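For reference, work_28.cif is printed below; it contains mmCIF, C-alpha atoms and all ligand atoms.
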```cif
data_query
#
loop_
_atom_site.group_PDB
_atom_site.id
_atom_site.type_symbol
_atom_site.label_atom_id
_atom_site.label_comp_id
_atom_site.auth_asym_id
_atom_site.auth_seq_id
_atom_site.Cartn_x
_atom_site.Cartn_y
_atom_site.Cartn_z
ATOM 1 C CA MET A 1 74.974 153.489 36.492
ATOM 2 C CA CYS A 2 71.286 152.930 35.847
ATOM 3 C CA VAL A 3 69.537 149.662 34.926
ATOM 4 C CA LYS A 4 69.059 150.908 31.361
ATOM 5 C CA ASP A 5 72.805 151.026 30.926
ATOM 6 C CA TYR A 6 73.166 147.429 32.129
ATOM 7 C CA GLU A 7 70.540 146.327 29.640
ATOM 8 C CA LEU A 8 72.026 148.287 26.784
ATOM 9 C CA LEU A 9 75.543 147.058 27.296
ATOM 10 C CA HIS A 10 74.567 143.393 27.516
ATOM 11 C CA PHE A 11 71.991 143.517 24.810
ATOM 12 C CA PHE A 12 74.243 145.223 22.318
ATOM 13 C CA SER A 13 77.059 142.803 23.113
ATOM 14 C CA LEU A 14 74.939 140.120 21.451
ATOM 15 C CA ILE A 15 74.243 141.865 18.205
ATOM 16 C CA ASP A 16 75.809 143.602 15.272
ATOM 17 C CA TYR A 17 75.495 147.157 16.494
ATOM 18 C CA THR A 18 77.893 148.729 18.937
ATOM 19 C CA VAL A 19 76.805 151.350 21.399
ATOM 20 C CA ILE A 20 79.517 153.236 23.217
ATOM 21 C CA SER A 21 78.718 155.303 26.244
ATOM 22 C CA ASP A 22 81.305 156.747 28.576
ATOM 23 C CA ARG A 23 78.956 155.941 31.467
ATOM 24 C CA MET A 24 78.997 152.203 30.759
ATOM 25 C CA GLU A 25 81.046 149.740 32.729
ATOM 26 C CA ILE A 26 82.010 146.113 32.198
ATOM 27 C CA LEU A 27 79.468 143.797 33.819
ATOM 28 C CA PRO A 28 79.244 140.028 34.337
ATOM 29 C CA ARG A 29 78.131 138.373 31.066
ATOM 30 C CA GLY A 30 74.656 136.853 30.948
ATOM 31 C CA PHE A 31 73.125 139.253 33.433
ATOM 32 C CA ILE A 32 70.304 140.773 31.395
ATOM 33 C CA MET A 33 71.348 140.022 27.842
ATOM 34 C CA GLU A 34 68.805 137.267 27.215
ATOM 35 C CA GLN A 35 66.033 139.517 28.368
ATOM 36 C CA MET A 36 65.792 142.131 25.628
ATOM 37 C CA LEU A 37 64.848 140.636 22.273
ATOM 38 C CA ILE A 38 63.998 143.757 20.327
ATOM 39 C CA ARG A 39 65.256 147.282 20.800
ATOM 40 C CA PHE A 40 64.481 150.349 18.707
ATOM 41 C CA ASN A 41 66.766 153.279 19.272
ATOM 42 C CA ASP A 42 65.710 156.628 17.708
ATOM 43 C CA VAL A 43 64.295 154.889 14.648
ATOM 44 C CA SER A 44 62.728 157.044 11.932
ATOM 45 C CA PHE A 45 60.900 155.892 8.844
ATOM 46 C CA GLU A 46 58.807 157.424 6.054
ATOM 47 C CA PHE A 47 57.470 156.096 2.757
ATOM 48 C CA ALA A 48 57.258 159.592 1.242
ATOM 49 C CA HIS A 49 59.367 162.659 1.971
ATOM 50 C CA ASN A 50 58.062 164.678 4.947
ATOM 51 C CA LYS A 51 55.334 162.128 5.730
ATOM 52 C CA PRO A 52 56.851 160.339 8.711
ATOM 53 C CA ILE A 53 55.526 157.045 9.970
ATOM 54 C CA LEU A 54 58.068 156.788 12.807
ATOM 55 C CA ASP A 55 59.920 159.781 14.228
ATOM 56 C CA GLU A 56 62.905 158.829 16.392
ATOM 57 C CA VAL A 57 61.051 155.973 18.033
ATOM 58 C CA SER A 58 62.640 154.100 20.936
ATOM 59 C CA PHE A 59 61.280 151.082 22.766
ATOM 60 C CA SER A 60 62.287 147.586 23.733
ATOM 61 C CA VAL A 61 60.579 144.228 24.122
ATOM 62 C CA ARG A 62 61.866 141.739 26.647
ATOM 63 C CA SER A 63 61.904 137.970 26.331
ATOM 64 C CA GLY A 64 58.553 136.346 27.082
ATOM 65 C CA ALA A 65 56.592 139.610 26.845
ATOM 66 C CA LYS A 66 53.079 139.624 25.420
ATOM 67 C CA ILE A 67 52.535 143.097 24.080
ATOM 68 C CA THR A 68 49.755 144.859 22.222
ATOM 69 C CA LEU A 69 50.617 147.262 19.405
ATOM 70 C CA MET A 70 47.891 149.843 19.061
ATOM 71 C CA GLY A 71 47.250 152.914 16.948
ATOM 72 C CA GLN A 72 44.755 154.347 14.517
ATOM 73 C CA ASN A 73 44.205 152.933 11.048
ATOM 74 C CA GLY A 74 47.128 154.027 8.917
ATOM 75 C CA ALA A 75 49.352 154.908 11.904
ATOM 76 C CA GLY A 76 51.993 152.451 10.719
ATOM 77 C CA LYS A 77 51.506 149.328 12.833
ATOM 78 C CA SER A 78 51.869 146.822 9.992
ATOM 79 C CA THR A 79 54.829 148.844 8.733
ATOM 80 C CA LEU A 80 56.429 148.625 12.184
ATOM 81 C CA PHE A 81 56.166 144.821 11.999
ATOM 82 C CA LYS A 82 57.911 144.899 8.618
ATOM 83 C CA ILE A 83 60.670 147.020 10.144
ATOM 84 C CA ILE A 84 61.078 144.522 13.009
ATOM 85 C CA THR A 85 61.425 141.623 10.559
ATOM 86 C CA GLY A 86 63.874 143.583 8.399
ATOM 87 C CA MET A 87 61.598 143.591 5.357
ATOM 88 C CA ILE A 88 61.708 147.407 5.482
ATOM 89 C CA LYS A 89 64.825 149.351 6.463
ATOM 90 C CA PRO A 90 64.635 152.476 8.634
ATOM 91 C CA ILE A 91 65.867 155.842 7.401
ATOM 92 C CA SER A 92 67.821 156.412 10.601
ATOM 93 C CA GLY A 93 68.311 154.927 14.050
ATOM 94 C CA GLN A 94 69.261 151.434 15.184
ATOM 95 C CA ILE A 95 67.125 148.334 15.322
ATOM 96 C CA SER A 96 68.507 145.522 17.362
ATOM 97 C CA VAL A 97 66.995 142.100 17.294
ATOM 98 C CA ASN A 98 68.756 139.371 19.205
ATOM 99 C CA LYS A 99 70.383 137.505 16.342
ATOM 100 C CA ASN A 100 69.796 134.097 17.882
ATOM 101 C CA MET A 101 66.061 134.627 17.786
ATOM 102 C CA THR A 102 63.695 133.741 14.938
ATOM 103 C CA ILE A 103 60.667 135.859 14.055
ATOM 104 C CA ALA A 104 57.474 134.905 12.246
ATOM 105 C CA THR A 105 54.558 137.115 11.301
ATOM 106 C CA ALA A 106 50.919 136.202 10.808
ATOM 107 C CA SER A 107 50.051 138.922 8.276
ATOM 108 C CA GLN A 108 46.907 141.019 8.259
ATOM 109 C CA VAL A 109 45.738 139.596 4.908
ATOM 110 C CA MET A 110 46.603 136.611 2.747
ATOM 111 C CA ALA A 111 49.335 137.557 0.249
ATOM 112 C CA HIS A 112 48.138 137.597 -3.344
ATOM 113 C CA GLU A 113 50.803 135.125 -4.453
ATOM 114 C CA ASP A 114 49.699 132.584 -1.826
ATOM 115 C CA LYS A 115 46.056 132.442 -2.844
ATOM 116 C CA ASP A 116 46.578 129.901 -5.635
ATOM 117 C CA LEU A 117 48.697 127.533 -3.533
ATOM 118 C CA ILE A 118 47.316 124.342 -2.055
ATOM 119 C CA ILE A 119 47.601 123.882 1.715
ATOM 120 C CA THR A 120 50.696 121.683 1.544
ATOM 121 C CA GLU A 121 52.551 124.186 -0.676
ATOM 122 C CA PHE A 122 51.477 127.072 1.560
ATOM 123 C CA PHE A 123 53.070 125.443 4.613
ATOM 124 C CA GLN A 124 56.040 124.009 2.705
ATOM 125 C CA LYS A 125 56.972 127.590 1.748
ATOM 126 C CA ARG A 126 57.420 128.450 5.431
ATOM 127 C CA CYS A 127 58.727 125.155 6.760
ATOM 128 C CA ASN A 128 61.176 123.433 4.457
ATOM 129 C CA VAL A 129 61.229 119.889 5.870
ATOM 130 C CA GLU A 130 60.649 116.362 4.525
ATOM 131 C CA SER A 131 57.063 115.629 3.563
ATOM 132 C CA PHE A 132 56.418 113.256 6.475
ATOM 133 C CA GLU A 133 57.646 115.853 8.989
ATOM 134 C CA LEU A 134 55.719 118.613 7.209
ATOM 135 C CA LYS A 135 52.529 116.564 7.480
ATOM 136 C CA ARG A 136 53.106 116.049 11.188
ATOM 137 C CA GLN A 137 53.771 119.736 11.853
ATOM 138 C CA MET A 138 50.857 120.851 9.659
ATOM 139 C CA SER A 139 48.528 118.647 11.620
ATOM 140 C CA GLN A 140 49.818 120.160 14.896
ATOM 141 C CA VAL A 141 49.409 123.805 13.891
ATOM 142 C CA LEU A 142 46.048 123.234 12.196
ATOM 143 C CA GLU A 143 44.853 121.650 15.408
ATOM 144 C CA ALA A 144 46.175 124.661 17.340
ATOM 145 C CA VAL A 145 44.070 127.012 15.204
ATOM 146 C CA ASN A 146 41.152 124.565 15.198
ATOM 147 C CA LEU A 147 40.900 124.195 11.436
ATOM 148 C CA ASP A 148 40.298 121.175 9.247
ATOM 149 C CA ALA A 149 42.291 121.842 6.062
ATOM 150 C CA PRO A 150 43.006 118.991 3.615
ATOM 151 C CA GLY A 151 46.484 119.206 2.074
ATOM 152 C CA GLU A 152 45.229 119.409 -1.540
ATOM 153 C CA LYS A 153 42.729 122.208 -0.945
ATOM 154 C CA ILE A 154 43.476 125.570 -2.568
ATOM 155 C CA ILE A 155 43.921 128.594 -0.266
ATOM 156 C CA SER A 156 41.481 130.862 -2.117
ATOM 157 C CA SER A 157 38.672 128.360 -1.531
ATOM 158 C CA PHE A 158 38.810 128.985 2.242
ATOM 159 C CA SER A 159 36.590 131.649 3.828
ATOM 160 C CA GLY A 160 38.035 134.867 5.301
ATOM 161 C CA GLY A 161 37.930 133.480 8.850
ATOM 162 C CA GLN A 162 39.508 130.205 7.752
ATOM 163 C CA GLN A 163 42.267 132.144 5.962
ATOM 164 C CA ALA A 164 42.890 134.112 9.185
ATOM 165 C CA ARG A 165 43.444 130.759 10.931
ATOM 166 C CA LEU A 166 45.756 129.631 8.132
ATOM 167 C CA LEU A 167 47.803 132.824 8.480
ATOM 168 C CA LEU A 168 48.252 132.165 12.180
ATOM 169 C CA ALA A 169 49.098 128.499 11.549
ATOM 170 C CA SER A 170 51.658 129.565 8.931
ATOM 171 C CA ALA A 171 53.462 131.615 11.579
ATOM 172 C CA LEU A 172 53.226 128.885 14.227
ATOM 173 C CA ILE A 173 54.721 126.221 11.969
ATOM 174 C CA GLN A 174 57.933 128.242 11.948
ATOM 175 C CA ASN A 175 58.107 127.780 15.742
ATOM 176 C CA PRO A 176 59.420 131.345 16.137
ATOM 177 C CA ASP A 177 60.963 132.852 19.245
ATOM 178 C CA ILE A 178 59.063 136.069 18.477
ATOM 179 C CA LEU A 179 55.522 135.849 17.111
ATOM 180 C CA LEU A 180 54.076 138.942 15.436
ATOM 181 C CA LEU A 181 50.304 138.814 14.921
ATOM 182 C CA ASP A 182 48.740 141.477 12.703
ATOM 183 C CA GLU A 183 45.031 141.709 13.539
ATOM 184 C CA PRO A 184 44.645 137.956 14.063
ATOM 185 C CA THR A 185 40.982 138.249 15.099
ATOM 186 C CA ASN A 186 39.945 139.786 11.764
ATOM 187 C CA ASN A 187 37.157 137.674 10.287
ATOM 188 C CA LEU A 188 37.206 135.225 13.201
ATOM 189 C CA ASP A 189 33.840 134.259 14.685
ATOM 190 C CA PRO A 190 33.400 134.454 18.507
ATOM 191 C CA ALA A 191 34.398 130.794 18.897
ATOM 192 C CA GLY A 192 37.510 131.433 16.792
ATOM 193 C CA ILE A 193 38.452 134.476 18.892
ATOM 194 C CA GLU A 194 37.957 132.522 22.095
ATOM 195 C CA HIS A 195 40.075 129.643 20.808
ATOM 196 C CA LEU A 196 42.864 132.029 19.798
ATOM 197 C CA MET A 197 42.617 133.819 23.135
ATOM 198 C CA TYR A 198 43.155 130.606 25.115
ATOM 199 C CA PHE A 199 45.905 129.515 22.775
ATOM 200 C CA LEU A 200 47.802 132.779 23.326
ATOM 201 C CA MET A 201 47.205 132.766 27.077
ATOM 202 C CA CYS A 202 49.094 129.457 27.190
ATOM 203 C CA TYR A 203 51.705 130.537 24.632
ATOM 204 C CA GLU A 204 55.053 130.873 26.367
ATOM 205 C CA LYS A 205 57.130 132.767 23.854
ATOM 206 C CA THR A 206 57.392 136.460 23.039
ATOM 207 C CA CYS A 207 54.399 137.811 21.194
ATOM 208 C CA ILE A 208 53.335 141.217 19.825
ATOM 209 C CA VAL A 209 49.729 141.508 18.730
ATOM 210 C CA ILE A 210 48.062 144.224 16.669
ATOM 211 C CA SER A 211 44.334 144.305 17.293
ATOM 212 C CA HIS A 212 41.483 146.712 17.872
ATOM 213 C CA ASP A 213 39.589 144.192 20.031
ATOM 214 C CA ALA A 214 39.984 145.464 23.608
ATOM 215 C CA ASP A 215 38.577 142.369 25.366
ATOM 216 C CA PHE A 216 40.827 140.083 23.372
ATOM 217 C CA LEU A 217 43.876 142.217 24.072
ATOM 218 C CA ASN A 218 43.123 142.610 27.773
ATOM 219 C CA ALA A 219 42.919 138.842 28.162
ATOM 220 C CA ILE A 220 46.283 138.054 26.655
ATOM 221 C CA THR A 221 48.645 141.013 26.829
ATOM 222 C CA GLU A 222 50.414 142.724 29.673
ATOM 223 C CA GLY A 223 51.392 146.043 28.123
ATOM 224 C CA VAL A 224 50.637 148.352 25.249
ATOM 225 C CA LEU A 225 52.907 149.932 22.677
ATOM 226 C CA TYR A 226 50.930 152.852 21.300
ATOM 227 C CA LEU A 227 51.936 154.305 17.936
ATOM 228 C CA ASP A 228 50.682 157.887 17.872
ATOM 229 C CA THR A 229 49.574 158.904 14.418
ATOM 230 C CA TYR A 230 50.213 162.613 15.123
ATOM 231 C CA THR A 231 53.573 162.541 16.887
ATOM 232 C CA HIS A 232 54.796 159.338 15.133
ATOM 233 C CA LYS A 233 56.248 158.216 18.479
ATOM 234 C CA VAL A 234 55.730 154.924 20.276
ATOM 235 C CA GLU A 235 54.781 155.054 23.953
ATOM 236 C CA TYR A 236 54.799 152.027 26.253
ATOM 237 C CA TYR A 237 52.040 151.598 28.837
ATOM 238 C CA ALA A 238 52.239 148.754 31.354
ATOM 239 C CA GLY A 239 48.993 146.939 32.110
ATOM 240 C CA ASN A 240 45.791 146.488 30.192
ATOM 241 C CA TYR A 241 44.374 148.583 27.380
HETATM 242 N N1 LIG B 1 54.329 150.045 0.530
HETATM 243 C C1 LIG B 1 53.850 151.249 0.828
HETATM 244 N N2 LIG B 1 54.156 152.319 0.075
HETATM 245 C C2 LIG B 1 53.699 153.556 0.397
HETATM 246 N N3 LIG B 1 52.918 153.809 1.466
HETATM 247 C C3 LIG B 1 52.570 152.781 2.237
HETATM 248 C C4 LIG B 1 53.013 151.435 1.977
HETATM 249 N N4 LIG B 1 52.535 150.607 2.937
HETATM 250 C C5 LIG B 1 51.807 151.390 3.749
HETATM 251 N N5 LIG B 1 51.822 152.680 3.352
HETATM 252 C C6 LIG B 1 51.188 153.808 4.017
HETATM 253 O O1 LIG B 1 51.802 153.934 5.302
HETATM 254 C C7 LIG B 1 50.822 154.252 6.291
HETATM 255 C C8 LIG B 1 50.861 153.205 7.377
HETATM 256 O O2 LIG B 1 50.371 151.969 6.838
HETATM 257 P P1 LIG B 1 50.180 150.656 7.730
HETATM 258 O O3 LIG B 1 49.578 149.621 6.860
HETATM 259 O O4 LIG B 1 51.467 150.348 8.394
HETATM 260 O O5 LIG B 1 49.130 151.170 8.824
HETATM 261 P P2 LIG B 1 48.384 150.356 9.976
HETATM 262 O O6 LIG B 1 48.605 151.095 11.253
HETATM 263 O O7 LIG B 1 48.788 148.930 9.916
HETATM 264 O O8 LIG B 1 46.849 150.525 9.535
HETATM 265 P P3 LIG B 1 45.590 149.537 9.738
HETATM 266 O O9 LIG B 1 45.116 149.707 11.159
HETATM 267 O O10 LIG B 1 44.580 150.074 8.771
HETATM 268 O O11 LIG B 1 46.013 148.146 9.391
HETATM 269 C C9 LIG B 1 49.491 154.364 5.547
HETATM 270 O O12 LIG B 1 49.260 155.727 5.261
HETATM 271 C C10 LIG B 1 49.709 153.571 4.295
HETATM 272 O O13 LIG B 1 48.920 154.066 3.233
HETATM 273 MG MG MG B 2 47.800 147.204 9.485
#
```
As a first step, turn the structure in this file into structure tokens.
Ligand SMILES: Nc1ncnc2c1ncn2[C@@H]1O[C@H](COP(=O)(O)OP(=O)(O)OP(=O)(O)O)[C@@H](O)[C@H]1O
Ligand SMILES: [Mg+2]
Amino acid sequence: MCVKDYELLHFFSLIDYTVISDRMEILPRGFIMEQMLIRFNDVSFEFAHNKPILDEVSFSVRSGAKITLMGQNGAGKSTLFKIITGMIKPISGQISVNKNMTIATASQVMAHEDKDLIITEFFQKRCNVESFELKRQMSQVLEAVNLDAPGEKIISSFSGGQQARLLLASALIQNPDILLLDEPTNNLDPAGIEHLMYFLMCYEKTCIVISHDADFLNAITEGVLYLDTYTHKVEYYAGNY
């Protein structure tokens, strides 16, 4: 029996899907099951008929991994994040996310419906706690992204770079086990990129980052998931971009 079979058996024992293979054997519980947080197994997706975004894609992400998701504009990277979070359902295949784990995404752009919110409402939407606790957590995540944002200030009055910091802070306040960052360096100035880079280098949880900034990615990630716009497959490459 190969290591993949160990991983599969223990990972799938945690989740809703069942995988049956006549090559699998019963193994001691707890061996590898905490390790794999996300697994895609032959997942296909398309928005329009015969225009695939993913074609039988398989990959997995282990606990604590810091991974880059790369691919050309329009390849489907943001869509892949939505599939991981369950916002979009695949056409076929299995997606397994360890059900004990929470996921938060820092989106590529500020959602239209959030632009008219004030800071406190923006964070309250993602972190439903008492106002004193919200204030405390807001102050922590705003410090982490190095942004001074008064609670009454309206989102649309912040600059593009400041909104990028708010998007990241909005994911951090959820204290997720899996952090998905969609082009977090967009609109950030060099000091902002450096700050984010050091923050992520010290970040201990699982993180997948979409970015086109090679230096940034090389500093923080240990492997690359590459979504090929022609084959619609995802390949994993260990090491830097
Ligand atoms: N809701 C939708 N309905 C129909 N097509 C969509 C939808 N969202 C995205 N697409 C299309 O799916 C493809 C993949 O889009 P996606 O935003 O995932 O790409 P991306 O890799 O994130 O690109 P970028 O690098 O520009 O951010 C694109 O051709 C896009 O036009
Ligand atoms: Mg995108």
Within 8 Å of segment 149-162 of chain A, which residues of segment 85-134 of chain A come that close, and what is the closest atom pair and distance in Å for each? Count all atoms listed in the file and give it as CSV.
```
residue,atom,partner,partner_atom,distance
A:Asp114,CA,A:Ile155,CA,7.2
A:Lys115,CA,A:Ser156,CA,4.9
A:Asp116,CA,A:Ile155,CA,6.1
A:Leu117,CA,A:Ile154,CA,5.7
A:Ile118,CA,A:Ile154,CA,4.1
A:Ile119,CA,A:Gly151,CA,4.8
A:Thr120,CA,A:Gly151,CA,4.9
A:Phe122,CA,A:Ile155,CA,7.9
```
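Using all atoms listed in the file, we find that the residues with an atom at most 8 Å from any atom of ligand LIG 1 (chain B) are Glu46, Phe47, Ala48, Ile53, Met70, Gly71, Gln72, Asn73, Gly74, Ala75, Gly76, Lys77, Ser78, Thr79, Leu80, Gln108, Asp182 and Glu183 of chain A.
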Dump C-alpha atoms for the selected residues as a short mmCIF file (atom, residue, chain, number, x, y, z; two decimals), keeping the file's coordinate frame?
```
data_model
loop_
_atom_site.label_atom_id
_atom_site.label_comp_id
_atom_site.auth_asym_id
_atom_site.auth_seq_id
_atom_site.Cartn_x
_atom_site.Cartn_y
_atom_site.Cartn_z
CA GLU A 46 58.81 157.42 6.05
CA PHE A 47 57.47 156.10 2.76
CA ALA A 48 57.26 159.59 1.24
CA ILE A 53 55.53 157.04 9.97
CA MET A 70 47.89 149.84 19.06
CA GLY A 71 47.25 152.91 16.95
CA GLN A 72 44.76 154.35 14.52
CA ASN A 73 44.20 152.93 11.05
CA GLY A 74 47.13 154.03 8.92
CA ALA A 75 49.35 154.91 11.90
CA GLY A 76 51.99 152.45 10.72
CA LYS A 77 51.51 149.33 12.83
CA SER A 78 51.87 146.82 9.99
CA THR A 79 54.83 148.84 8.73
CA LEU A 80 56.43 148.62 12.18
CA GLN A 108 46.91 141.02 8.26
CA ASP A 182 48.74 141.48 12.70
CA GLU A 183 45.03 141.71 13.54
#
```
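Nearest residue to Leu172 of chain A among A:Asn98, A:Asn187, A:Thr68, A:Thr105 is A:Thr105, counting only C-alpha atoms.
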What lies within 9 Å of segment 211-219 of chain A using all atoms listed in the file, ignoring chain neighbours under 6 positions off, as a tab-separated table (two decimals) with C-alpha atoms, in the frame of the given file?
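selection_24.tsv, freshly written:
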```tsv
chain	number	residue	atom	x	y	z
A	67	ILE	CA	52.54	143.10	24.08
A	68	THR	CA	49.76	144.86	22.22
A	69	LEU	CA	50.62	147.26	19.40
A	70	MET	CA	47.89	149.84	19.06
A	71	GLY	CA	47.25	152.91	16.95
A	72	GLN	CA	44.76	154.35	14.52
A	181	LEU	CA	50.30	138.81	14.92
A	182	ASP	CA	48.74	141.48	12.70
A	183	GLU	CA	45.03	141.71	13.54
A	184	PRO	CA	44.64	137.96	14.06
A	185	THR	CA	40.98	138.25	15.10
A	186	ASN	CA	39.94	139.79	11.76
A	193	ILE	CA	38.45	134.48	18.89
A	194	GLU	CA	37.96	132.52	22.10
A	197	MET	CA	42.62	133.82	23.14
A	198	TYR	CA	43.16	130.61	25.12
A	201	MET	CA	47.20	132.77	27.08
A	239	GLY	CA	48.99	146.94	32.11
A	240	ASN	CA	45.79	146.49	30.19
A	241	TYR	CA	44.37	148.58	27.38
```
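Shortest separation to ligand MG 2 (chain B) among A:Val109, A:Val129, A:Val145, A:Leu54 occurs at residue A:Val109, atoms counted being all atoms listed in the file.
Using only C-alpha atoms, the nearest neighbour of Leu225 of chain A within the list A:Phe59, A:Phe199, A:Phe45, A:Phe40 is A:Phe59.
Across A:Ala106, A:Leu147, A:Ile173, A:Leu142, the tightest approach to ligand MG 2 (chain B) is made by A:Ala106 when counting only C-alpha atoms and all ligand atoms.
Atom CA of Ser96 of chain A to atom CA of Ser58 of chain A spans 11.0 Å [interatomic distance, one decimal].
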TODO: Would you mind reading off the distance between atom CA of Arg39 of chain A and atom CA of Ala238 of chain A, one decimal, in Å?
DONE: 16.8 Å
Produce the centre coordinates and the three edge lengths, each in Å to one decimal, of the box along x, y and z that contains all listed atoms of segment 44-58 of chain A with 5 Å added on each side, as lines of an AutoDock Vina configuration file.
```
center_x = 59.1
center_y = 159.4
center_z = 11.1
size_x = 17.6
size_y = 20.6
size_z = 29.7
```
- [ ] Could you tell me which of A:Asn50, A:Leu179, A:Phe81, A:Ser60 comes closest to ligand MG 2 (chain B) if we count all atoms listed in the file?
- [x] A:Phe81
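Nearest to ligand MG 2 (chain B) of all the residues A:Leu166, A:Ile220, A:Leu180, A:Ala144 is A:Leu180, counting all atoms listed in the file.
Between atom CA of Glu56 of chain A and atom CA of Val209 of chain A the interatomic distance comes to 21.9 Å.
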Open item on the list: Counting only C-alpha atoms, I want the residues whose atoms come within 8 Å of (58.3, 165.0, 11.9) in the file frame, returned as a ChimeraX atom specification.
Closed with: /A:50-52,55,231-232
